[in-house]
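Take a look at the structure set out below.
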Amino acid sequence: MENLSDKKELSQSLRELRAYFMYAGLFSAAINFLMLTPIIYMLQVYDRVVASGSLSTLAMLSIMMVGLLLASGGFEWVRTVILIRASNRIETKLRRRVSEATFKRSILTGGKFNSTQSISDLISLRQFLTGNGLFAFFDAPWFPIYIGVMWLFHPWFGAAGIIAGIIMMTFTLTTEILTSKELKEANSESSIFSNQVQGSLRNSEVVEAMGMGKNLQSRLYRHADKALYLQSEASYKGGALMSLSKSVRMILQSVVLGLGAFLALRQEISPGMMIAGSLLLGRALAPLDMLTSSWKGFTVARAQYNRLSELLGQIPPEQEKMSLPAPCGRLEASRLVVNAPGTSSQIIKGISFELSAGDALGVVGPSGAGKSTLARALLGIWSPNHGTVRLDGADVSSWDRTELGPHLGYLPQDIELFNGTIAENICRFGEVDADQVVSSAKLAGVHELILALPHGYDTIISAGGGSLSGGQRQRIGLARAVYNGPKLIILDEPNSNLDDVGEKELVSAINRIKGQQGATIIVISHRTPLLHAMDKLLVLKEGLVAAFGPRDQVLGQLVGPSAIPKSAIGS
């Protein structure tokens, strides 16, 4: 029931646009009413003007016809403007919500979720709201009105119109039955293809270096070919039904014209009614025919709507949280149990430890011991399955992330910089405070390096770092991590891309951070120089604490007679 309630969020947003849709419906009514103008004009010309030979009547009727059809064109333009504004409003209303839910879901799924799908769905759904398919929905309810007018001409006309409508609706329903399943499967295969292409692009250097391109392409193209096949099959069926629908509509109009001729010969209707009946049927069937031809768009829009509803249902909006005082850096992990998102296996298995504000902790352990997972849990990126992480006594999950973020510094193993200047990257894309940016760069020991770049702090870099080396990206990432004096700084393998000189500068930078900012620092590393800069050490093995305490005490355990095996520390 919770998920069902949450899934109403998107439909509620659409309901908030009902005023727009009501006005669009009113203008649609005016448009469809004025669409009777050519029919009435033709009827009057045949039955009055031709019979009377009155040129003045013809002139007056022609002037009225032109004026009403111009008004109809104006109303149609206004309806289009209304729907454009409605579609723009729903995108602007949901853009932030969908983006935040997409971001959160990407974190919860460990980056396996297609991060661009939801935004594309929202944009496509907005575009659908201004397409011809939606206009058919506004025009289709006028089918009974046109049939009613035909009935007034003659009951046989009305009966023929009803039969024609049933036939056209049968085409629409048949299109849905024959194509919806294949289109759904095609969209799924396209999504898999898109995700795998993104993965290949992220690892393009590895793919190129080891000649994996053809193998990966063969795997990718299987999904692309299947999606293409399914879409083609659905298009073949939909196209055949659409063509048949148009042919049948023309046949039905001609049949009604023949029926009108029969009734006119029997003098049950006038010649004008004979032609007007055929035109009325054409107008009545036009939106039904458009529904058939646009059904693929409806099917795609429905899938997009369902995906967005599922996303917003799974990731409810965060509740507003009370502001907390700025932290000092006291950290406590209590019986912490953490799984990787989307898995049931425990990586961290009941870890507990405490750090006072200003402590510097080194975390070591073999690969797979859970070091990076612990870092993510301490920062609140991954929610623990059990236990708590407290910063200054407050559970990190109880903080507002926007307020907590400036008090945290994080340098992940895979450093990511963003499109923009170096200064913008360092200040985390907030307002650039030149003094703070330079101060952070100096603290991280990267100021001189930045000045040596072509445009200094205004050098534009790409998401991958552009021409910067791995070590340069890492050091700029360190400047970003220490920007504006955060009270908890976590560095995950900060020297993985550094040479001996760079590592010495990193040790100096950590000592400066400890001395100037008084921040609590956690460094995940295997290298001795960095560990000697720490106050305490935590040794992890298979998700458990193998040793924890003052640096010298733990190092003594590592090298003493009862030393912890070297495999517990890593290389």
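Just so we're on the same page: first chain in the structure tokens is A, next is B, and so on; residues restart at 1 for each chain, and ligands are numbered from 1 in the order they show up.
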Extract, using only C-alpha atoms, all DNA, RNA and protein residues at most 7 Å from segment 286-296 of chain A, discarding same-chain residues fewer than 4 positions from it, and format them as a PDB file with N, CA and C atoms, in the first residue's frame.
```pdb
ATOM      1  N   GLY A 133      -1.092  13.306 -30.789  1.00  0.00           N
ATOM      2  CA  GLY A 133      -1.794  12.214 -30.131  1.00  0.00           C
ATOM      3  C   GLY A 133      -2.698  12.713 -29.022  1.00  0.00           C
ATOM      4  N   ALA A 136      -5.887  14.267 -30.240  1.00  0.00           N
ATOM      5  CA  ALA A 136      -6.908  13.279 -30.603  1.00  0.00           C
ATOM      6  C   ALA A 136      -7.783  12.940 -29.401  1.00  0.00           C
ATOM      7  N   ASP A 139     -10.319  15.639 -29.100  1.00  0.00           N
ATOM      8  CA  ASP A 139     -11.285  15.669 -30.200  1.00  0.00           C
ATOM      9  C   ASP A 139     -12.188  14.447 -30.244  1.00  0.00           C
ATOM     10  N   ALA A 140     -11.680  13.298 -29.735  1.00  0.00           N
ATOM     11  CA  ALA A 140     -12.459  12.060 -29.806  1.00  0.00           C
ATOM     12  C   ALA A 140     -13.814  12.156 -29.115  1.00  0.00           C
ATOM     13  N   MET A 168     -13.492   1.583 -36.334  1.00  0.00           N
ATOM     14  CA  MET A 168     -12.244   2.320 -36.108  1.00  0.00           C
ATOM     15  C   MET A 168     -11.681   2.056 -34.713  1.00  0.00           C
ATOM     16  N   MET A 169     -12.537   1.957 -33.708  1.00  0.00           N
ATOM     17  CA  MET A 169     -12.061   1.646 -32.364  1.00  0.00           C
ATOM     18  C   MET A 169     -11.476   0.239 -32.298  1.00  0.00           C
ATOM     19  N   PHE A 171      -9.791  -1.132 -34.669  1.00  0.00           N
ATOM     20  CA  PHE A 171      -8.420  -0.993 -35.168  1.00  0.00           C
ATOM     21  C   PHE A 171      -7.496  -0.495 -34.056  1.00  0.00           C
ATOM     22  N   THR A 172      -7.964   0.480 -33.275  1.00  0.00           N
ATOM     23  CA  THR A 172      -7.134   1.029 -32.202  1.00  0.00           C
ATOM     24  C   THR A 172      -6.811  -0.028 -31.156  1.00  0.00           C
ATOM     25  N   THR A 175      -4.387  -2.608 -32.478  1.00  0.00           N
ATOM     26  CA  THR A 175      -3.021  -2.066 -32.480  1.00  0.00           C
ATOM     27  C   THR A 175      -2.388  -2.194 -31.108  1.00  0.00           C
ATOM     28  N   MET A 242      -2.486   0.858 -39.483  1.00  0.00           N
ATOM     29  CA  MET A 242      -2.735   2.268 -39.769  1.00  0.00           C
ATOM     30  C   MET A 242      -3.146   2.462 -41.225  1.00  0.00           C
ATOM     31  N   SER A 245      -6.520   1.121 -41.637  1.00  0.00           N
ATOM     32  CA  SER A 245      -7.477   2.019 -40.985  1.00  0.00           C
ATOM     33  C   SER A 245      -7.825   3.199 -41.891  1.00  0.00           C
ATOM     34  N   LYS A 246      -6.812   3.794 -42.533  1.00  0.00           N
ATOM     35  CA  LYS A 246      -7.075   4.917 -43.422  1.00  0.00           C
ATOM     36  C   LYS A 246      -7.913   4.496 -44.624  1.00  0.00           C
ATOM     37  N   GLY A 282     -16.375  11.836 -41.921  1.00  0.00           N
ATOM     38  CA  GLY A 282     -14.926  12.006 -42.003  1.00  0.00           C
ATOM     39  C   GLY A 282     -14.387  12.773 -40.818  1.00  0.00           C
ATOM     40  N   VAL A 300       4.529   4.269 -25.743  1.00  0.00           N
ATOM     41  CA  VAL A 300       5.826   4.740 -25.225  1.00  0.00           C
ATOM     42  C   VAL A 300       5.612   5.692 -24.053  1.00  0.00           C
TER      43      VAL A 300
END
```
Within 9 Å of segment 249-263 of chain A using only C-alpha atoms, minus same-chain residues under 5 positions, as a VMD selection string: chain A and resid 154 156 to 157 160 to 161 164 168 244 268 to 271 273 to 282 285 to 286 289
Suppose we keep N, CA, C and O atoms; can you now write the selection as a CSV table (one decimal), in the first residue's frame?
```csv
chain,number,residue,atom,x,y,z
A,154,HIS,N,-30.6,11.9,-41.0
A,154,HIS,CA,-31.4,10.7,-41.2
A,154,HIS,C,-30.9,9.6,-40.3
A,154,HIS,O,-29.7,9.4,-40.1
A,156,TRP,N,-30.5,6.5,-40.7
A,156,TRP,CA,-29.5,5.6,-41.3
A,156,TRP,C,-28.1,6.1,-41.3
A,156,TRP,O,-27.1,5.4,-41.2
A,157,PHE,N,-28.0,7.5,-41.5
A,157,PHE,CA,-26.7,8.1,-41.4
A,157,PHE,C,-26.1,7.9,-40.0
A,157,PHE,O,-24.9,7.6,-39.8
A,160,ALA,N,-25.0,4.3,-39.5
A,160,ALA,CA,-23.8,4.0,-40.3
A,160,ALA,C,-22.6,4.6,-39.6
A,160,ALA,O,-21.5,4.1,-39.5
A,161,GLY,N,-22.8,5.8,-39.0
A,161,GLY,CA,-21.7,6.5,-38.2
A,161,GLY,C,-21.3,5.7,-37.0
A,161,GLY,O,-20.1,5.5,-36.7
A,164,ALA,N,-19.3,2.7,-38.1
A,164,ALA,CA,-18.0,3.1,-38.6
A,164,ALA,C,-17.1,3.4,-37.4
A,164,ALA,O,-15.9,3.0,-37.3
A,168,MET,N,-13.5,1.6,-36.3
A,168,MET,CA,-12.2,2.3,-36.1
A,168,MET,C,-11.7,2.1,-34.7
A,168,MET,O,-10.5,1.9,-34.5
A,244,LEU,N,-4.4,0.2,-43.2
A,244,LEU,CA,-5.8,-0.4,-43.4
A,244,LEU,C,-6.9,0.5,-42.8
A,244,LEU,O,-7.9,0.6,-43.4
A,268,GLU,N,-35.6,11.4,-49.4
A,268,GLU,CA,-35.7,11.4,-47.9
A,268,GLU,C,-34.7,12.5,-47.3
A,268,GLU,O,-34.9,12.9,-46.2
A,269,ILE,N,-33.7,12.9,-48.1
A,269,ILE,CA,-32.8,14.0,-47.7
A,269,ILE,C,-32.5,14.8,-48.9
A,269,ILE,O,-32.7,14.4,-50.1
A,270,SER,N,-31.9,16.0,-48.7
A,270,SER,CA,-31.6,16.9,-49.8
A,270,SER,C,-30.2,16.5,-50.3
A,270,SER,O,-29.4,15.8,-49.6
A,271,PRO,N,-29.8,17.0,-51.5
A,271,PRO,CA,-28.5,16.7,-52.0
A,271,PRO,C,-27.4,17.2,-51.1
A,271,PRO,O,-26.3,16.7,-51.0
A,273,MET,N,-27.5,17.5,-47.9
A,273,MET,CA,-27.3,16.5,-46.7
A,273,MET,C,-26.5,15.3,-47.2
A,273,MET,O,-25.8,14.7,-46.3
A,274,MET,N,-26.7,14.9,-48.4
A,274,MET,CA,-26.0,13.7,-48.9
A,274,MET,C,-24.4,13.9,-48.7
A,274,MET,O,-23.7,13.1,-48.2
A,275,ILE,N,-24.0,15.1,-49.2
A,275,ILE,CA,-22.5,15.4,-49.1
A,275,ILE,C,-22.1,15.7,-47.7
A,275,ILE,O,-21.1,15.3,-47.2
A,276,ALA,N,-23.0,16.4,-47.0
A,276,ALA,CA,-22.7,16.8,-45.6
A,276,ALA,C,-22.5,15.6,-44.7
A,276,ALA,O,-21.7,15.6,-43.8
A,277,GLY,N,-23.3,14.6,-44.9
A,277,GLY,CA,-23.2,13.4,-44.1
A,277,GLY,C,-21.9,12.7,-44.3
A,277,GLY,O,-21.3,12.2,-43.3
A,278,SER,N,-21.4,12.6,-45.5
A,278,SER,CA,-20.0,12.1,-45.7
A,278,SER,C,-18.9,12.9,-45.0
A,278,SER,O,-18.0,12.4,-44.4
A,279,LEU,N,-19.1,14.2,-45.1
A,279,LEU,CA,-18.1,15.1,-44.5
A,279,LEU,C,-18.1,15.0,-43.0
A,279,LEU,O,-17.1,15.0,-42.3
A,280,LEU,N,-19.3,14.9,-42.4
A,280,LEU,CA,-19.5,14.7,-41.0
A,280,LEU,C,-18.8,13.4,-40.5
A,280,LEU,O,-18.1,13.4,-39.5
A,281,LEU,N,-19.0,12.4,-41.2
A,281,LEU,CA,-18.4,11.1,-40.8
A,281,LEU,C,-16.9,11.2,-40.9
A,281,LEU,O,-16.2,10.7,-40.0
A,282,GLY,N,-16.4,11.8,-41.9
A,282,GLY,CA,-14.9,12.0,-42.0
A,282,GLY,C,-14.4,12.8,-40.8
A,282,GLY,O,-13.3,12.4,-40.3
A,285,LEU,N,-14.6,10.6,-37.6
A,285,LEU,CA,-13.6,9.5,-37.6
A,285,LEU,C,-12.1,9.9,-37.5
A,285,LEU,O,-11.3,9.1,-37.2
A,286,ALA,N,-11.9,11.2,-37.9
A,286,ALA,CA,-10.5,11.7,-37.9
A,286,ALA,C,-9.8,11.5,-36.6
A,286,ALA,O,-8.6,11.0,-36.6
A,289,ASP,N,-9.0,7.8,-36.1
A,289,ASP,CA,-7.9,7.4,-37.0
A,289,ASP,C,-6.6,7.9,-36.4
A,289,ASP,O,-5.6,7.2,-36.5
```
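Omitting Lys349 of chain A and its sequence neighbours fewer than 5 positions away, and counting only C-alpha atoms, the residues within 10 Å are Arg335, Leu336, Val337, Val338, Asn339, Gly370, Asn385, His386, Glu542, Gly543, Leu544 and Val545 of chain A.
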Gap from atom CA of Ser118 of chain A to atom CA of Leu308 of chain A - Å, one decimal: 6.4 Å
Gap from atom CA of Ala333 of chain A to atom CA of Ile513 of chain A - Å, one decimal: 23.0 Å
Distance in Å - atom CA of Lys371 of chain A versus atom CA of Ile524 of chain A: 6.9 Å
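Using only C-alpha atoms for every distance, the candidate list A:Ser323, A:Ser462, A:Ser372, A:Ser124 yields A:Ser124 as the residue closest to Arg302 of chain A.
Distances to Pro327 of chain A were evaluated for A:Arg266, A:Arg89, A:Lys184, A:Lys487 using only C-alpha atoms, and the minimum falls at A:Lys487.
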